[in-house]
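*Asks:* Got a structure here, written out as structure tokens. Questions coming.
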Amino acid sequence: MKFIIALVVSVAIVFCEHAAAQDHGSTKAQQALSLIDVDLDSAEEMIIEAISDNPHSAKDHFYCGRIMGRQASDAFFSALSYAKKSLACLQKAVALAPKNVDYRKGLINFYLGAPSIAGGDKQAALEQVNVIKQLDSSQGVVVELDYYRKIKELLTLEKRLAHALTADPQSAIVHYQYGLLLQQTGDYNRAQSHFVLASEQGENREIAYEALYQLGRNAVFAQDFISQGTAALQHYLTIENSTVMPSKSWAHYRLSQLYTLHSDNTLAQKHRLLAADTDDKVLLNLLEN
């Protein structure tokens, strides 16, 4: 049941930062979510109680989707059962708060991250994308671009990006997404230009900050733009990270790579040691090799 892990990661990415003001979620549901990395079984029991006590809270159901999704990643024989519970909770959250874009994003991530046997459905995800476009045109652009990226329809994605840039040439998120696409296809020179433009736009600070990280990462891949990438990562390290941004440990790792390319072994080793201060197994594995 390893496929469920991809599902859970996708569901956990969206954390309703902009939920409706009248639904803050019950205290019990908030406590349940706080236990997700500590005592998952207790988190499950508590969220079930919370929903029983507060069946009309969309946020409680959204938290349920996240907790059941995590259970699916840890389970084996019951993985599918937990995945279906996660989906049911996310669908209920959307039904209770149909104008909440974040809940719909969670549902999209489920549909795209799960195999069909567990409820995955590209068409259902696209339907949610189209609803979000009607609810919020600016977020709809972002969600649509992310959809085509995740289903790996890169030609369609590039057409959508080109159209979006024509409509709004200063859009940080579109330049950022375009940079990611070009980076994925190995066009590092053009990717760097888009990341620069994304980092310079002030209307979306988080995207501008993530573009700084990508300037450093892209410089590693290109084995070029070393000074520019180093400066961007150094700036990135001064910023307070949100939970969805690459960690500072990753920034230190990329800096270590850039200093290695620059033949500065002392600073490369310094940043490798700083990068090692993490629980990220993927990063730790990279540092060991």
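Labels used: A, B, ... for chains in the order of the structure tokens, numbers from 1 for residues in each chain, and numbers from 1 for ligands as shown.
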Could you build a table of the residues in stretch 220-264 of chain A lying no more than 12 Å from stretch 174-198 of chain A, giving for each the nearest pair of atoms and their separation in Å rounded to one decimal place, using only C-alpha atoms, ordered by chain and ascending residue number, as a Markdown table?
*Replies:*
```
| residue | atom | partner | partner_atom | distance |
| --- | --- | --- | --- | --- |
| A:Val220 | CA | A:Tyr188 | CA | 9.8 |
| A:Phe221 | CA | A:Tyr188 | CA | 7.4 |
| A:Ala222 | CA | A:Tyr188 | CA | 5.7 |
| A:Gln223 | CA | A:Tyr188 | CA | 9.4 |
| A:Asp224 | CA | A:Asn189 | CA | 8.8 |
| A:Phe225 | CA | A:Gln192 | CA | 8.4 |
| A:Ile226 | CA | A:Gln192 | CA | 11.5 |
| A:Gln228 | CA | A:Val196 | CA | 9.6 |
| A:Gly229 | CA | A:Gln192 | CA | 9.4 |
| A:Ala232 | CA | A:Val196 | CA | 9.5 |
```
*Asks:* Please provide as a count of residues only all residues within 10 Å of A:Lys248, with the sequence filter that same-chain residues fewer than 5 positions apart are discarded (counting only C-alpha atoms).
*Replies:* 14
*Asks:* Residues near A:Lys122, anyone? I mean within 8 Å using only C-alpha atoms, not counting same-chain ones fewer than 5 positions away, as a PyMOL selection string.
*Replies:* chain A and resi 111-112+151
*Asks:* Just the residues within 10 Å of stretch 37-47 of chain A, please, counting only C-alpha atoms, with nothing from its chain fewer than 2 positions along; format it as number ranges by chain.
*Replies:* A: 26, 28-35, 49-53, 60-61, 63-65, 67-68, 70-71, 74
*Asks:* Next, the residues of the selection above should be written as a PDB file, in the first residue's frame with C-alpha atoms.
*Replies:*
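Output (selection_21.pdb):
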```pdb
ATOM      1  CA  SER A  26     -13.753  23.085  17.463  1.00  0.00           C
ATOM      2  CA  LYS A  28     -11.249  19.283  20.217  1.00  0.00           C
ATOM      3  CA  ALA A  29     -10.527  19.156  16.477  1.00  0.00           C
ATOM      4  CA  GLN A  30      -7.620  21.553  16.885  1.00  0.00           C
ATOM      5  CA  GLN A  31      -6.254  19.372  19.671  1.00  0.00           C
ATOM      6  CA  ALA A  32      -6.661  16.314  17.458  1.00  0.00           C
ATOM      7  CA  LEU A  33      -4.654  17.932  14.687  1.00  0.00           C
ATOM      8  CA  SER A  34      -1.928  18.900  17.145  1.00  0.00           C
ATOM      9  CA  LEU A  35      -1.478  15.187  17.903  1.00  0.00           C
ATOM     10  CA  GLU A  49     -15.495  12.747  18.741  1.00  0.00           C
ATOM     11  CA  ALA A  50     -15.153  16.310  17.476  1.00  0.00           C
ATOM     12  CA  ILE A  51     -17.198  15.588  14.363  1.00  0.00           C
ATOM     13  CA  SER A  52     -19.822  13.772  16.423  1.00  0.00           C
ATOM     14  CA  ASP A  53     -20.114  16.821  18.691  1.00  0.00           C
ATOM     15  CA  ASP A  60     -13.427  19.844  11.640  1.00  0.00           C
ATOM     16  CA  HIS A  61     -14.155  17.668   8.611  1.00  0.00           C
ATOM     17  CA  TYR A  63      -8.947  18.215   9.796  1.00  0.00           C
ATOM     18  CA  CYS A  64     -10.489  14.746   9.693  1.00  0.00           C
ATOM     19  CA  GLY A  65      -9.401  14.415   6.071  1.00  0.00           C
ATOM     20  CA  ILE A  67      -5.734  12.874  10.013  1.00  0.00           C
ATOM     21  CA  MET A  68      -7.337   9.956   8.172  1.00  0.00           C
ATOM     22  CA  ARG A  70      -1.981  10.282   7.643  1.00  0.00           C
ATOM     23  CA  GLN A  71      -3.413   7.065   9.049  1.00  0.00           C
ATOM     24  CA  ASP A  74       0.946   4.374   8.251  1.00  0.00           C
TER      25      ASP A  74
END
```
*Asks:* Tell me, which residues of stretch 43-153 of chain A carry DSSP helix (DSSP H, G or I), written as number ranges by chain?
*Replies:* A: 43-53, 58-74, 79-96, 101-113, 116-118, 122-135, 137-150
*Asks:* Find the distance between atom CA of A:Leu165 and atom CA of A:Asn218 and write it in Å to one decimal.
*Replies:*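 Atom CA of A:Leu165 sits 21.1 Å away from atom CA of A:Asn218.
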*Asks:* Between atom CA of A:Leu283 and atom CA of A:Ser249, measure the distance and give it in Å to one decimal.
*Replies:*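 Between these atoms lies a distance of 8.3 Å.
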*Asks:* Using only C-alpha atoms, which of A:Gln201, A:Asp102, A:Leu145, A:Ser57 sits nearest A:Pro169?
*Replies:*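 Once distances to A:Pro169 are computed over only C-alpha atoms, the minimum belongs to A:Gln201.
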*Asks:* Find the residues near stretch 157-164 of chain A: any atom within 7 Å, counting only C-alpha atoms, skip ones fewer than 2 places away on the same chain, and give them as a PyMOL selection string.
*Replies:* chain A and resi 145+148-149+153-155+166-168+174+178
*Asks:* Residues near stretch 96-101 of chain A, anyone? I mean within 10 Å using only C-alpha atoms, not counting same-chain ones fewer than 5 positions away, as a ChimeraX atom specification.
*Replies:* /A:16,18-20,23,55-59,61,90-91,106-107,128-129,131-136,139-140,143
